[in-house]
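**Q** Once you've had a glance at the structure underneath, I'll fire off some questions.
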Amino acid sequence: MANEGDIKRIHRGTPESAAMAANVRRAMAITASINRLTYDDAGEVRALFSDLIGRKVDDSFVLIPPFYSADGDGIQVGRNVFVNQNCTFYGLGGLYIADDVMIGPNVSILTSGHPIAASDRRDGVIAKPIVIERNVWIAAGVTIIGGVTIGENAVVAAGSVVTKGVPANTLVGGNPARVIRSIDEG
């Protein structure tokens with residue numbers, strides 16, 4: 001499971017905040033280039049996504065534009081990962097996507113947000129890691145919030161909002177997502 005102790009706090013007006021803003025500008029430029037490409041430009045999409053995250057992705061990685069990200073160097077993806085169109089990844093807190101993961105259209109994976117207290121909300125950003133384990137299917141329109149792990153072979157039903165860890169081999173759904181049933185391979 002993602003470790004709740006791995007909370008990253010970046011306060012406004014600090015060197016870390018300036019570095020984050022520079023990373024946002026860089027990511028926005030790269031994603032704008034990705035979004036000028038089509039499904040048939042898979043090699044170019046992989047090259048630009050590799051540039052975004054700072055490491056080469058496997059040739060089996062498929063991402064269908066458009067795609068949005070405000071950062072990239074906290075994102076890691078495994079082999080045979082499929083990302084459908086109109087997805088958003090915010091990886092400031094650390095986003096790890098294992099092998100054989102399928103991500104449907106309009107999915108938002110958000111490791112960062114702001115403090116809940118109104119008096120602290122504009123003081124900076126809080127980020128928590130997200131781990132998506134092997135062979136997970138995240139259906140259309142899902143939102144995943146920082147600080148969770150989605151266990152191996154799990155399925156997240158369309159439109160769900162994931163705010164807590166998802167056990168392996170389960171189907172979860174709803175807002176907030178809850179276990180619907182175990183997945184039997186029988």
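How things are named: the first chain in the structure tokens is A, the next is B, and so on; residues count from 1 in each chain; ligands count from 1 in the order shown.
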Dump as a Markdown table the rows for residues of range 65-108 of chain A within 12 Å of range 155-160 of chain A: closest atom pair and distance in Å with one decimal, only C-alpha atoms counted, ordered by chain and rising residue number.
**A**
| residue | atom | partner | partner_atom | distance |
| --- | --- | --- | --- | --- |
| A:Val101 | CA | A:Val155 | CA | 10.1 |
| A:Met102 | CA | A:Val155 | CA | 9.6 |
| A:Ile103 | CA | A:Val156 | CA | 9.7 |
| A:Gly104 | CA | A:Ala158 | CA | 8.5 |
| A:Pro105 | CA | A:Ala158 | CA | 9.7 |
| A:Asn106 | CA | A:Gly159 | CA | 9.3 |
| A:Val107 | CA | A:Gly159 | CA | 8.7 |
| A:Ser108 | CA | A:Gly159 | CA | 10.5 |
**Q** Looking only at the backbone, which of the residues in chain A does DSSP tag as alpha helix (DSSP H), as a PDB file with N, CA and C atoms, in the first residue's frame?
**A**
ATOM      1  N   PRO A  15      12.153  27.642  -2.748  1.00  0.00           N
ATOM      2  CA  PRO A  15      12.847  27.104  -3.924  1.00  0.00           C
ATOM      3  C   PRO A  15      12.144  25.870  -4.504  1.00  0.00           C
ATOM      4  N   GLU A  16      11.551  25.043  -3.639  1.00  0.00           N
ATOM      5  CA  GLU A  16      10.816  23.866  -4.108  1.00  0.00           C
ATOM      6  C   GLU A  16       9.598  24.274  -4.932  1.00  0.00           C
ATOM      7  N   SER A  17       8.944  25.343  -4.519  1.00  0.00           N
ATOM      8  CA  SER A  17       7.783  25.856  -5.257  1.00  0.00           C
ATOM      9  C   SER A  17       8.207  26.391  -6.625  1.00  0.00           C
ATOM     10  N   ALA A  18       9.333  27.077  -6.679  1.00  0.00           N
ATOM     11  CA  ALA A  18       9.836  27.584  -7.960  1.00  0.00           C
ATOM     12  C   ALA A  18      10.195  26.429  -8.890  1.00  0.00           C
ATOM     13  N   ALA A  19      10.807  25.375  -8.340  1.00  0.00           N
ATOM     14  CA  ALA A  19      11.149  24.202  -9.150  1.00  0.00           C
ATOM     15  C   ALA A  19       9.887  23.518  -9.649  1.00  0.00           C
ATOM     16  N   MET A  20       8.861  23.434  -8.803  1.00  0.00           N
ATOM     17  CA  MET A  20       7.588  22.832  -9.207  1.00  0.00           C
ATOM     18  C   MET A  20       6.974  23.638 -10.360  1.00  0.00           C
ATOM     19  N   ALA A  21       6.999  24.964 -10.261  1.00  0.00           N
ATOM     20  CA  ALA A  21       6.441  25.811 -11.324  1.00  0.00           C
ATOM     21  C   ALA A  21       7.206  25.618 -12.639  1.00  0.00           C
ATOM     22  N   ALA A  22       8.515  25.483 -12.567  1.00  0.00           N
ATOM     23  CA  ALA A  22       9.311  25.239 -13.774  1.00  0.00           C
ATOM     24  C   ALA A  22       8.951  23.885 -14.379  1.00  0.00           C
ATOM     25  N   ASN A  23       8.732  22.888 -13.537  1.00  0.00           N
ATOM     26  CA  ASN A  23       8.349  21.558 -14.013  1.00  0.00           C
ATOM     27  C   ASN A  23       6.964  21.591 -14.664  1.00  0.00           C
ATOM     28  N   VAL A  24       6.071  22.395 -14.117  1.00  0.00           N
ATOM     29  CA  VAL A  24       4.738  22.543 -14.711  1.00  0.00           C
ATOM     30  C   VAL A  24       4.858  23.129 -16.118  1.00  0.00           C
ATOM     31  N   ARG A  25       5.656  24.183 -16.274  1.00  0.00           N
ATOM     32  CA  ARG A  25       5.849  24.787 -17.605  1.00  0.00           C
ATOM     33  C   ARG A  25       6.413  23.771 -18.594  1.00  0.00           C
ATOM     34  N   ARG A  26       7.404  23.010 -18.157  1.00  0.00           N
ATOM     35  CA  ARG A  26       8.020  21.986 -19.008  1.00  0.00           C
ATOM     36  C   ARG A  26       6.995  20.921 -19.394  1.00  0.00           C
ATOM     37  N   ALA A  27       6.237  20.431 -18.429  1.00  0.00           N
ATOM     38  CA  ALA A  27       5.238  19.391 -18.694  1.00  0.00           C
ATOM     39  C   ALA A  27       4.146  19.892 -19.630  1.00  0.00           C
ATOM     40  N   MET A  28       3.719  21.119 -19.440  1.00  0.00           N
ATOM     41  CA  MET A  28       2.672  21.681 -20.305  1.00  0.00           C
ATOM     42  C   MET A  28       3.154  21.780 -21.751  1.00  0.00           C
ATOM     43  N   ALA A  29       4.400  22.129 -21.945  1.00  0.00           N
ATOM     44  CA  ALA A  29       4.952  22.207 -23.306  1.00  0.00           C
ATOM     45  C   ALA A  29       5.006  20.813 -23.944  1.00  0.00           C
ATOM     46  N   ILE A  30       5.439  19.822 -23.176  1.00  0.00           N
ATOM     47  CA  ILE A  30       5.535  18.458 -23.715  1.00  0.00           C
ATOM     48  C   ILE A  30       4.145  17.899 -24.003  1.00  0.00           C
ATOM     49  N   THR A  31       3.202  18.086 -23.081  1.00  0.00           N
ATOM     50  CA  THR A  31       1.863  17.542 -23.323  1.00  0.00           C
ATOM     51  C   THR A  31       1.175  18.249 -24.484  1.00  0.00           C
ATOM     52  N   ALA A  32       1.460  19.522 -24.686  1.00  0.00           N
ATOM     53  CA  ALA A  32       0.913  20.210 -25.864  1.00  0.00           C
ATOM     54  C   ALA A  32       1.430  19.548 -27.146  1.00  0.00           C
ATOM     55  N   SER A  33       2.699  19.143 -27.140  1.00  0.00           N
ATOM     56  CA  SER A  33       3.262  18.439 -28.302  1.00  0.00           C
ATOM     57  C   SER A  33       2.621  17.065 -28.477  1.00  0.00           C
ATOM     58  N   ILE A  34       2.413  16.348 -27.371  1.00  0.00           N
ATOM     59  CA  ILE A  34       1.740  15.049 -27.451  1.00  0.00           C
ATOM     60  C   ILE A  34       0.352  15.220 -28.058  1.00  0.00           C
ATOM     61  N   ALA A  42       2.142   6.600 -32.621  1.00  0.00           N
ATOM     62  CA  ALA A  42       2.447   5.929 -31.346  1.00  0.00           C
ATOM     63  C   ALA A  42       3.916   6.055 -30.949  1.00  0.00           C
ATOM     64  N   GLY A  43       4.826   5.932 -31.895  1.00  0.00           N
ATOM     65  CA  GLY A  43       6.256   6.041 -31.593  1.00  0.00           C
ATOM     66  C   GLY A  43       6.623   7.432 -31.103  1.00  0.00           C
ATOM     67  N   GLU A  44       6.074   8.454 -31.746  1.00  0.00           N
ATOM     68  CA  GLU A  44       6.333   9.830 -31.311  1.00  0.00           C
ATOM     69  C   GLU A  44       5.707  10.108 -29.944  1.00  0.00           C
ATOM     70  N   VAL A  45       4.518   9.563 -29.722  1.00  0.00           N
ATOM     71  CA  VAL A  45       3.869   9.724 -28.411  1.00  0.00           C
ATOM     72  C   VAL A  45       4.747   9.099 -27.330  1.00  0.00           C
ATOM     73  N   ARG A  46       5.243   7.881 -27.573  1.00  0.00           N
ATOM     74  CA  ARG A  46       6.124   7.217 -26.600  1.00  0.00           C
ATOM     75  C   ARG A  46       7.379   8.041 -26.339  1.00  0.00           C
ATOM     76  N   ALA A  47       7.979   8.593 -27.391  1.00  0.00           N
ATOM     77  CA  ALA A  47       9.198   9.387 -27.226  1.00  0.00           C
ATOM     78  C   ALA A  47       8.932  10.632 -26.381  1.00  0.00           C
ATOM     79  N   LEU A  48       7.836  11.322 -26.663  1.00  0.00           N
ATOM     80  CA  LEU A  48       7.511  12.521 -25.887  1.00  0.00           C
ATOM     81  C   LEU A  48       7.127  12.179 -24.452  1.00  0.00           C
ATOM     82  N   PHE A  49       6.373  11.099 -24.255  1.00  0.00           N
ATOM     83  CA  PHE A  49       6.024  10.686 -22.897  1.00  0.00           C
ATOM     84  C   PHE A  49       7.289  10.311 -22.128  1.00  0.00           C
ATOM     85  N   SER A  50       8.226   9.629 -22.793  1.00  0.00           N
ATOM     86  CA  SER A  50       9.511   9.298 -22.170  1.00  0.00           C
ATOM     87  C   SER A  50      10.239  10.560 -21.738  1.00  0.00           C
ATOM     88  N   ASP A  51      10.220  11.588 -22.591  1.00  0.00           N
ATOM     89  CA  ASP A  51      10.825  12.879 -22.249  1.00  0.00           C
ATOM     90  C   ASP A  51      10.115  13.485 -21.035  1.00  0.00           C
ATOM     91  N   LEU A  52       8.809  13.403 -21.004  1.00  0.00           N
ATOM     92  CA  LEU A  52       8.025  13.947 -19.899  1.00  0.00           C
ATOM     93  C   LEU A  52       8.428  13.315 -18.567  1.00  0.00           C
ATOM     94  N   ILE A  53       8.547  11.988 -18.529  1.00  0.00           N
ATOM     95  CA  ILE A  53       8.808  11.305 -17.258  1.00  0.00           C
ATOM     96  C   ILE A  53      10.299  11.114 -16.969  1.00  0.00           C
TER      97      ILE A  53
END
**Q** Could you pull out the strand (DSSP E or B) residues of chain A from DSSP and send them as a PyMOL selection string?
**A** chain A and resi 8-11+62-63+67-69+75-77+82-83+87-90+95-97+102-103+108-110+112-113+124-127+130-132+137-138+143-145+149-150+155-156+161-162+166+170-174+177-182
**Q** List the neighbours of Thr163 in chain A out to 12 Å using only C-alpha atoms; skip same-chain residues closer than 2 positions along the sequence, and give me the result as a ChimeraX atom specification.
**A** /A:2,109-111,128,130,142-150,156,160-161,165-166,172-178
**Q** Asn135 in chain A: which residues within 8 Å, counting only C-alpha atoms, same-chain residues fewer than 3 positions away excluded, as a PyMOL selection string?
**A** chain A and resi 98-102+152-154
**Q** Dump N, CA, C and O atoms for the selected residues as a PDB file, in the first residue's frame?
**A**
ATOM      1  N   ALA A  98       2.268  -0.260 -12.708  1.00  0.00           N
ATOM      2  CA  ALA A  98       2.961  -1.521 -12.983  1.00  0.00           C
ATOM      3  C   ALA A  98       2.614  -2.058 -14.373  1.00  0.00           C
ATOM      4  O   ALA A  98       1.822  -1.460 -15.114  1.00  0.00           O
ATOM      5  N   ASP A  99       3.159  -3.209 -14.698  1.00  0.00           N
ATOM      6  CA  ASP A  99       2.935  -3.868 -15.982  1.00  0.00           C
ATOM      7  C   ASP A  99       1.462  -4.250 -16.168  1.00  0.00           C
ATOM      8  O   ASP A  99       0.752  -4.537 -15.207  1.00  0.00           O
ATOM      9  N   ASP A 100       1.055  -4.264 -17.434  1.00  0.00           N
ATOM     10  CA  ASP A 100      -0.239  -4.804 -17.867  1.00  0.00           C
ATOM     11  C   ASP A 100      -1.447  -4.037 -17.342  1.00  0.00           C
ATOM     12  O   ASP A 100      -2.541  -4.588 -17.222  1.00  0.00           O
ATOM     13  N   VAL A 101      -1.276  -2.754 -17.042  1.00  0.00           N
ATOM     14  CA  VAL A 101      -2.381  -1.921 -16.552  1.00  0.00           C
ATOM     15  C   VAL A 101      -3.118  -1.312 -17.732  1.00  0.00           C
ATOM     16  O   VAL A 101      -2.505  -0.869 -18.709  1.00  0.00           O
ATOM     17  N   MET A 102      -4.456  -1.296 -17.643  1.00  0.00           N
ATOM     18  CA  MET A 102      -5.306  -0.648 -18.649  1.00  0.00           C
ATOM     19  C   MET A 102      -6.045   0.508 -17.970  1.00  0.00           C
ATOM     20  O   MET A 102      -6.672   0.318 -16.920  1.00  0.00           O
ATOM     21  N   GLU A 152      -3.136  -5.700  -7.129  1.00  0.00           N
ATOM     22  CA  GLU A 152      -2.988  -6.512  -8.335  1.00  0.00           C
ATOM     23  C   GLU A 152      -4.328  -7.114  -8.770  1.00  0.00           C
ATOM     24  O   GLU A 152      -5.114  -7.586  -7.953  1.00  0.00           O
ATOM     25  N   ASN A 153      -4.566  -7.064 -10.069  1.00  0.00           N
ATOM     26  CA  ASN A 153      -5.741  -7.637 -10.730  1.00  0.00           C
ATOM     27  C   ASN A 153      -7.062  -6.944 -10.397  1.00  0.00           C
ATOM     28  O   ASN A 153      -8.123  -7.403 -10.837  1.00  0.00           O
ATOM     29  N   ALA A 154      -7.043  -5.872  -9.641  1.00  0.00           N
ATOM     30  CA  ALA A 154      -8.280  -5.178  -9.266  1.00  0.00           C
ATOM     31  C   ALA A 154      -8.898  -4.491 -10.481  1.00  0.00           C
ATOM     32  O   ALA A 154      -8.216  -4.173 -11.465  1.00  0.00           O
TER      33      ALA A 154
END
**Q** For Val136 in chain A, which residue out of A:Ala168, A:Cys87, A:Val62, A:Val162 is the nearest one, using only C-alpha atoms?
**A** A:Ala168
**Q** Quick one: residues within 10 Å of His114 in chain A, only C-alpha atoms, excluding same-chain residues fewer than 3 positions away - as a ChimeraX atom specification?
**A** /A:9-10,117-118,120-127
**Q** Please identify all polymer residues within 7 Å of Tyr96 in chain A, counting only C-alpha atoms, omitting same-chain residues fewer than 2 positions from it, and present them as a PyMOL selection string.
**A** chain A and resi 75-77+94+98+130-132
**Q** Identify which of the residues A:Trp137, A:Lys56, A:Pro129, A:Gly113 lies closest to Phe82 in chain A, counting only C-alpha atoms when measuring atom-to-atom distances.
**A** A:Trp137
**Q** What's the separation between CA of Asn86 in chain A and CA of Asp58 in chain A, in Å to one decimal place?
**A**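 Computing it gives 21.0 Å between the two atoms.
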**Q** Name the closest residue to Asp59 in chain A among the candidates A:Gly74, A:Tyr90, A:Val81, A:Asp184; distances are taken between atoms, counting only C-alpha atoms.
**A**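 Using only C-alpha atoms, the shortest distance to Asp59 in chain A belongs to A:Val81.
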**Q** I'd like the interatomic distance between CA of Glu133 in chain A and CA of Val179 in chain A, to a tenth of an Å.
**A**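 CA of Val179 in chain A lies at a distance of 16.7 Å from CA of Glu133 in chain A.
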**Q** Counting only C-alpha atoms, which of A:Ala139, A:Leu63, A:Ile7, A:Leu37 gets nearest to Val83 in chain A?
**A** A:Leu63
